[in-house]
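Input: a single structure, listed below in structure tokens.
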Amino acid sequence: MVFNEQKNRGVLFGDGVFETMRVGKRGVWEEGAHVQRLTKALSFFGLKVDLKKIIQEISALRFEETCLVRLTVIRSGGPFSIQEQSRSEVYWSKRPLLVSTRAPRMIGLSGLYQPGDVLHEFKTTSFLRSVHCRMRSEDLGYDVGIMLGGEGEVGESATANIWAVFDDHVVTPTASGVLAGIARGSILRRSLGELPIFVRPLKVDELFDAKEIALSSVGGLVSARSFCFQDRDIELESNWAPAVAEVLFE
């Protein structure tokens, strides 16, 4: 057995934030929104970096094949007073953009969403709630889990925002205790799709009146094949999401 003195606060406490960006020939998709969200997170958690340099590096990103680039910022030092930490460590990683054409089967998971939990409105390296969501859904034989509050409030999936498509409108949950995704923001700002979009609290019972339920992230926009919660199970259409996806990442 080998004992190592671990000083990285990211390993010790998950004390950091990250930003995952979609990057292609023209640079970072929705670059301004990423920089704004990263800046807000660094300020909120008091992570000290050379932000000007990071922004320059983000602006310089270009790749022939579209990929996902992750920037992670971890507070330096070990288990000491946070005030003693003067700088943070910055890590970059890159992976291919894998677009799945398979419509996921979704299940509602109670107790994983906490409305008003401000920490989950940021992309932190403390990612266990999302990992647990993924594990629970897969253990039950489903592809994606939708996190639900104690009173049936709809939150998000492990890695994506939720869109419920009804006959004459679309609803996405308010970003209270939910990460406001960059793709979500782009859809809302540009009013994509033919149906009006409303941002409001959404209950799980309403999902059974939806024609389509979609998931959005910088990795893509996809419609679910079905949704299950307790003893109810519905099959879903796929019309709104494919039409929006055609123009979303242009």
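Ligands are numbered from 1 in the order shown, residues from 1 within each chain, and chains are lettered A, B, ... in the order they appear in the structure tokens.
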Problem set entry | Who sits within 8 Å of range 141-150 of chain A, only C-alpha atoms, same chain under 4 positions skipped, as a VMD selection string | chain A and resid 104 to 115 133 to 134 136 to 137 154 to 158 204
How close does each residue of range 66-137 of chain A get to range 11-35 of chain A, giving the shortest atom pair and distance in Å to one decimal for every residue with an atom at most 9 Å away, counting only C-alpha atoms, sorted by chain and residue number, as a tab-separated table?
residue	atom	partner	partner_atom	distance
A:Thr66	CA	A:Gly24	CA	4.2
A:Cys67	CA	A:Val23	CA	5.4
A:Leu68	CA	A:Arg22	CA	4.8
A:Val69	CA	A:Met21	CA	5.2
A:Arg70	CA	A:Thr20	CA	4.3
A:Leu71	CA	A:Glu19	CA	5.2
A:Thr72	CA	A:Phe18	CA	4.2
A:Val73	CA	A:Gly16	CA	5.4
A:Ile74	CA	A:Gly16	CA	4.3
A:Arg75	CA	A:Gly16	CA	6.0
A:Gly78	CA	A:Leu12	CA	7.8
A:Pro79	CA	A:Leu12	CA	7.7
A:Ser88	CA	A:Gly16	CA	8.8
A:Leu97	CA	A:Arg22	CA	8.1
A:Phe122	CA	A:Val17	CA	7.6
A:Lys123	CA	A:Val17	CA	5.6
A:Thr124	CA	A:Val17	CA	4.1
A:Thr125	CA	A:Gly14	CA	5.1
A:Ser126	CA	A:Gly14	CA	4.7
A:Phe127	CA	A:Gly14	CA	8.1
Exercise. Suppose you want the space between CA of Gly152 in chain A and CA of Gly220 in chain A; what is it in Å?
Worked result: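 It comes out at 26.3 Å.
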Problem set entry | For CA of Arg189 in chain A and CA of Val218 in chain A, the interatomic separation in Å (one decimal) | 15.2 Å
For this session: Mind checking which residues fall within 7 Å of Leu195 in chain A, counting only C-alpha atoms, ignoring those fewer than 5 positions away in the same chain, and posting them as number ranges by chain?
Result: A: 168-170
Problem set entry | Nearest residue to Leu192 in chain A from the set A:Leu221, A:Leu179, A:Leu248, A:Val165 (distances using only C-alpha atoms) |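 Result for the nearest residue to Leu192 in chain A: A:Leu248.
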For this session: For Val49 in chain A, work out the shell of residues within 9 Å, counting only C-alpha atoms and skipping chain neighbours fewer than 2 positions away, then give it as an NGL selection string.
Result: :A and (42 or 47 or 51-54 or 73 or 86-90)
Exercise. Which is closer to Gly219 in chain A than all the others in A:Thr101, A:Glu121, A:Thr39, A:Gly46, using only C-alpha atoms?
Worked result: A:Thr101
For this session: Would you please give, as a ChimeraX atom specification, all residues of range 14-231 of chain A that DSSP assigns to helix (DSSP H, G or I) based on the backbone?
Result: /A:31-45,51-60,82-84,118-121,128-139,182-190,204-207
For this session: Please give the complete set of residues from range 26-249 of chain A that DSSP, run on the backbone, assigns to strand (DSSP E), formatted as a PyMOL selection string.
Result: chain A and resi 27-28+67-75+88-96+105-110+144-148+161-165+170-172+197-199+212-217+220-223+226-229+232-235
